[in-house]
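Asker: After the structure tokens below, expect a handful of questions from me.
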Amino acid sequence: MKAVVIGLGLIGGSLALNLKQNKFISCVYGIDLNKEHLKEALELGLIHQEISFDNINECDLIFLCTPVSAIISIIKELSKLNLSKNTSIIEFGSTKESIKKAIPSELKSQFILAHPMAGTENSGPKAAFKELFTNAVCVLCIDKEVNNFHEHRIIELLSSLKMRLVFMDEKEHDHHSAIISHLPHIISFSLANYVLACEDKKHILNLAGGSFSDMSRIAKSSPLMWQNIFKENKENVLASLKDFKEELKKFEDFVNNDDYEALFKWLQNANELRKIL
């Protein structure tokens, strides 16, 4: 089979690297509007060669690994290519509802929504590495209109990358992602901005310990990518932020009222997370 990866950043580059080593894939093509990224992907050996968008109808697998807004634009272009019904289209966007709404009826039977819950604070082809997906959860939102041929093909392929597959619909995905993935990034970006506003470089370097490094690590993530994610998942993100503010208010009230017994129980309850992670 021939595969093309559109978007050769951390996710797309790591995927391409894995596909190159898959015994069922004979050639891995790459497309990226950023010519520097494309050049790096070729130099790093992430892909076999470049391909033009107009020629991707010769591929058996099309992976969309760009920001959500770009995925939606690409979908519109794919609908003009008269793709074979045997071509599987898989998108790796961070949100799902807007993407599902953008899929035209003629592509629904071959289009699968997937989200590997994997990543680092780094971006671009140079950040890609083969082990990124190992033991990572991959959420699949498979519509009832998807043909069994494509469903089974993708499940088998993603399983071969050693990912743990979880199934849910697009609304569930966006709701849970806002709480478990997107909210932590908001907190990290906020913490980084607060510290940068209050402290000079010297004190940050001298006093930042493991806790600050852990909390602020993901604030080094791509601003462009996260701007797009927050925009696309606006309602869920704002809802999770509202509820989180209420949790912070509990802490404020405990300390204001010198209710340290309640504070201890609140802290103790948070420790329950250890039993899950």
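A note on labels: chains of the structure tokens are A, B, ... as shown, every chain counts residues from 1, and ligands are counted from 1 in their shown order.
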Give me the residues near A:Ser94 as a PDB file with all heavy atoms, in the first residue's frame, where near means some atom within 7 Å (using only C-alpha atoms) and where sequence neighbours in that chain fewer than 2 positions away do not count.

Answerer:
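As written to disk, out_20.pdb reads:
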```pdb
ATOM      1  N   VAL A  68      -6.755  21.725  12.853  1.00  0.00           N
ATOM      2  CA  VAL A  68      -8.138  21.425  12.469  1.00  0.00           C
ATOM      3  C   VAL A  68      -8.636  22.313  11.332  1.00  0.00           C
ATOM      4  O   VAL A  68      -9.279  21.831  10.395  1.00  0.00           O
ATOM      5  CB  VAL A  68      -9.068  21.551  13.699  1.00  0.00           C
ATOM      6  CG1 VAL A  68     -10.535  21.427  13.285  1.00  0.00           C
ATOM      7  CG2 VAL A  68      -8.720  20.473  14.724  1.00  0.00           C
ATOM      8  N   PHE A  92      -6.039  13.284  12.041  1.00  0.00           N
ATOM      9  CA  PHE A  92      -5.489  13.229  13.397  1.00  0.00           C
ATOM     10  C   PHE A  92      -5.678  14.557  14.131  1.00  0.00           C
ATOM     11  O   PHE A  92      -4.839  14.967  14.916  1.00  0.00           O
ATOM     12  CB  PHE A  92      -3.996  12.895  13.348  1.00  0.00           C
ATOM     13  CG  PHE A  92      -3.683  11.417  13.281  1.00  0.00           C
ATOM     14  CD1 PHE A  92      -4.680  10.475  13.125  1.00  0.00           C
ATOM     15  CD2 PHE A  92      -2.370  10.973  13.372  1.00  0.00           C
ATOM     16  CE1 PHE A  92      -4.385   9.111  13.051  1.00  0.00           C
ATOM     17  CE2 PHE A  92      -2.065   9.619  13.309  1.00  0.00           C
ATOM     18  CZ  PHE A  92      -3.072   8.690  13.152  1.00  0.00           C
ATOM     19  N   LYS A  96     -13.078  17.198  17.062  1.00  0.00           N
ATOM     20  CA  LYS A  96     -13.759  16.338  16.098  1.00  0.00           C
ATOM     21  C   LYS A  96     -15.078  16.876  15.524  1.00  0.00           C
ATOM     22  O   LYS A  96     -15.400  16.593  14.367  1.00  0.00           O
ATOM     23  CB  LYS A  96     -14.050  14.969  16.750  1.00  0.00           C
ATOM     24  CG  LYS A  96     -12.810  14.213  17.183  1.00  0.00           C
ATOM     25  CD  LYS A  96     -11.900  13.965  16.000  1.00  0.00           C
ATOM     26  CE  LYS A  96     -10.552  13.429  16.439  1.00  0.00           C
ATOM     27  NZ  LYS A  96      -9.506  13.721  15.467  1.00  0.00           N
ATOM     28  N   HIS A 115      -7.660  10.461  17.010  1.00  0.00           N
ATOM     29  CA  HIS A 115      -6.852  11.415  17.766  1.00  0.00           C
ATOM     30  C   HIS A 115      -5.867  10.673  18.658  1.00  0.00           C
ATOM     31  O   HIS A 115      -6.234  10.178  19.721  1.00  0.00           O
ATOM     32  CB  HIS A 115      -7.741  12.323  18.623  1.00  0.00           C
ATOM     33  CG  HIS A 115      -6.970  13.379  19.352  1.00  0.00           C
ATOM     34  ND1 HIS A 115      -7.509  14.116  20.379  1.00  0.00           N
ATOM     35  CD2 HIS A 115      -5.687  13.825  19.212  1.00  0.00           C
ATOM     36  CE1 HIS A 115      -6.597  14.963  20.841  1.00  0.00           C
ATOM     37  NE2 HIS A 115      -5.476  14.798  20.143  1.00  0.00           N
ATOM     38  N   ILE A 229      -6.712  25.066  18.443  1.00  0.00           N
ATOM     39  CA  ILE A 229      -7.465  24.119  19.270  1.00  0.00           C
ATOM     40  C   ILE A 229      -8.490  24.842  20.144  1.00  0.00           C
ATOM     41  O   ILE A 229      -9.656  24.443  20.226  1.00  0.00           O
ATOM     42  CB  ILE A 229      -6.507  23.286  20.149  1.00  0.00           C
ATOM     43  CG1 ILE A 229      -5.687  22.325  19.278  1.00  0.00           C
ATOM     44  CG2 ILE A 229      -7.283  22.502  21.219  1.00  0.00           C
ATOM     45  CD1 ILE A 229      -4.584  21.613  20.018  1.00  0.00           C
TER      46      ILE A 229
END
```

Asker: Could you list, as a list in words, every residue within 12 Å of A:Trp226, counting only C-alpha atoms and ignoring same-chain residues fewer than 4 positions away?

Answerer: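 My list of contacting residues is Pro67, Val68, Ser69, Gly93, Ser94, Thr95, Glu121, Ser123, Ala178, Ser181, His182, Leu183, Pro184, His185, Ile186, Ser188, Phe189, Ile218, Ala219, Lys220, Ser221, Ser222, Phe230, Lys231, Glu232, Asn233, Lys234 and Val237 of chain A.
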
Asker: Using only C-alpha atoms for the distances, tell me which of A:Met117, A:Ala41, A:Glu170, A:Asn147 is nearest to A:Lys101.

Answerer: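 Nearest candidate to A:Lys101 out of A:Met117, A:Ala41, A:Glu170, A:Asn147: A:Glu170.
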
Asker: Excluding stretch 11-28 of chain A and its own-chain neighbours fewer than 4 positions away, which residues fall within 8 Å of it when counting only C-alpha atoms? Please give them as a PDB file with N, CA and C atoms, in the first residue's frame.

Answerer:
```
ATOM      1  N   MET A   1       0.833  -1.194   0.000  1.00  0.00           N
ATOM      2  CA  MET A   1       0.000   0.000   0.000  1.00  0.00           C
ATOM      3  C   MET A   1       0.872   1.251   0.000  1.00  0.00           C
ATOM      4  N   LYS A   2       0.357   2.305  -0.583  1.00  0.00           N
ATOM      5  CA  LYS A   2       1.021   3.596  -0.580  1.00  0.00           C
ATOM      6  C   LYS A   2       0.266   4.537   0.356  1.00  0.00           C
ATOM      7  N   ALA A   3       1.039   5.321   1.124  1.00  0.00           N
ATOM      8  CA  ALA A   3       0.428   6.249   2.084  1.00  0.00           C
ATOM      9  C   ALA A   3       0.989   7.642   1.873  1.00  0.00           C
ATOM     10  N   VAL A   4       0.162   8.642   2.158  1.00  0.00           N
ATOM     11  CA  VAL A   4       0.633  10.015   2.146  1.00  0.00           C
ATOM     12  C   VAL A   4       0.273  10.659   3.476  1.00  0.00           C
ATOM     13  N   VAL A   5       1.225  11.388   4.037  1.00  0.00           N
ATOM     14  CA  VAL A   5       1.013  12.121   5.283  1.00  0.00           C
ATOM     15  C   VAL A   5       1.034  13.609   4.943  1.00  0.00           C
ATOM     16  N   ILE A   6      -0.076  14.274   5.209  1.00  0.00           N
ATOM     17  CA  ILE A   6      -0.176  15.709   4.963  1.00  0.00           C
ATOM     18  C   ILE A   6       0.001  16.434   6.294  1.00  0.00           C
ATOM     19  N   GLY A   7       1.092  17.172   6.414  1.00  0.00           N
ATOM     20  CA  GLY A   7       1.441  17.817   7.678  1.00  0.00           C
ATOM     21  C   GLY A   7       2.549  17.028   8.350  1.00  0.00           C
ATOM     22  N   ALA A  41      11.934  16.843   6.543  1.00  0.00           N
ATOM     23  CA  ALA A  41      11.358  15.498   6.579  1.00  0.00           C
ATOM     24  C   ALA A  41      12.092  14.568   5.621  1.00  0.00           C
ATOM     25  N   GLY A  45      14.724  11.474   6.689  1.00  0.00           N
ATOM     26  CA  GLY A  45      14.256  10.148   6.292  1.00  0.00           C
ATOM     27  C   GLY A  45      12.894   9.791   6.849  1.00  0.00           C
ATOM     28  N   LEU A  46      12.075  10.814   7.156  1.00  0.00           N
ATOM     29  CA  LEU A  46      10.737  10.534   7.682  1.00  0.00           C
ATOM     30  C   LEU A  46       9.821  10.018   6.577  1.00  0.00           C
ATOM     31  N   ILE A  47      10.060  10.476   5.339  1.00  0.00           N
ATOM     32  CA  ILE A  47       9.243  10.068   4.196  1.00  0.00           C
ATOM     33  C   ILE A  47      10.162   9.602   3.066  1.00  0.00           C
ATOM     34  N   HIS A  48       9.572   8.892   2.107  1.00  0.00           N
ATOM     35  CA  HIS A  48      10.357   8.480   0.948  1.00  0.00           C
ATOM     36  C   HIS A  48      10.512   9.626  -0.044  1.00  0.00           C
ATOM     37  N   GLN A  49       9.421  10.316  -0.307  1.00  0.00           N
ATOM     38  CA  GLN A  49       9.478  11.411  -1.273  1.00  0.00           C
ATOM     39  C   GLN A  49       8.264  12.318  -1.169  1.00  0.00           C
ATOM     40  N   LEU A  64      -4.286  13.027   7.483  1.00  0.00           N
ATOM     41  CA  LEU A  64      -4.328  14.478   7.645  1.00  0.00           C
ATOM     42  C   LEU A  64      -3.827  14.829   9.040  1.00  0.00           C
ATOM     43  N   CYS A  65      -2.638  15.413   9.125  1.00  0.00           N
ATOM     44  CA  CYS A  65      -1.998  15.686  10.417  1.00  0.00           C
ATOM     45  C   CYS A  65      -1.678  17.174  10.568  1.00  0.00           C
ATOM     46  N   THR A  66      -2.621  17.994  10.178  1.00  0.00           N
ATOM     47  CA  THR A  66      -2.478  19.446  10.257  1.00  0.00           C
ATOM     48  C   THR A  66      -3.408  19.983  11.343  1.00  0.00           C
ATOM     49  N   GLY A 119       2.121  13.430  22.389  1.00  0.00           N
ATOM     50  CA  GLY A 119       2.749  14.667  21.962  1.00  0.00           C
ATOM     51  C   GLY A 119       3.801  15.109  22.963  1.00  0.00           C
ATOM     52  N   GLY A 124       7.478  20.416  14.798  1.00  0.00           N
ATOM     53  CA  GLY A 124       8.259  20.343  13.577  1.00  0.00           C
ATOM     54  C   GLY A 124       8.819  18.961  13.328  1.00  0.00           C
ATOM     55  N   PRO A 125       9.318  18.701  12.119  1.00  0.00           N
ATOM     56  CA  PRO A 125       9.850  17.382  11.758  1.00  0.00           C
ATOM     57  C   PRO A 125      10.980  16.905  12.668  1.00  0.00           C
ATOM     58  N   ALA A 128      10.012  14.777  15.628  1.00  0.00           N
ATOM     59  CA  ALA A 128       9.396  13.463  15.401  1.00  0.00           C
ATOM     60  C   ALA A 128      10.294  12.329  15.898  1.00  0.00           C
ATOM     61  N   PHE A 129       9.659  11.305  16.465  1.00  0.00           N
ATOM     62  CA  PHE A 129      10.402  10.100  16.848  1.00  0.00           C
ATOM     63  C   PHE A 129       9.467   8.896  16.832  1.00  0.00           C
ATOM     64  N   LYS A 130      10.010   7.736  16.555  1.00  0.00           N
ATOM     65  CA  LYS A 130       9.237   6.532  16.292  1.00  0.00           C
ATOM     66  C   LYS A 130       8.400   6.091  17.488  1.00  0.00           C
ATOM     67  N   GLU A 131       8.908   6.288  18.710  1.00  0.00           N
ATOM     68  CA  GLU A 131       8.228   5.755  19.895  1.00  0.00           C
ATOM     69  C   GLU A 131       7.100   6.638  20.405  1.00  0.00           C
ATOM     70  N   LEU A 132       6.791   7.732  19.714  1.00  0.00           N
ATOM     71  CA  LEU A 132       5.770   8.674  20.200  1.00  0.00           C
ATOM     72  C   LEU A 132       4.442   7.984  20.477  1.00  0.00           C
ATOM     73  N   LEU A 161       0.917   0.043  15.429  1.00  0.00           N
ATOM     74  CA  LEU A 161       1.788   1.098  15.965  1.00  0.00           C
ATOM     75  C   LEU A 161       1.856   1.047  17.487  1.00  0.00           C
TER      76      LEU A 161
END
```

Asker: Mind checking DSSP for stretch 93-141 of chain A and telling me the strand (DSSP E) residues as a list in words?

Answerer: Phe111, Ile112, Leu113, Ala114, His115, Pro116, Val137, Cys138, Val139, Leu140 and Cys141 of chain A
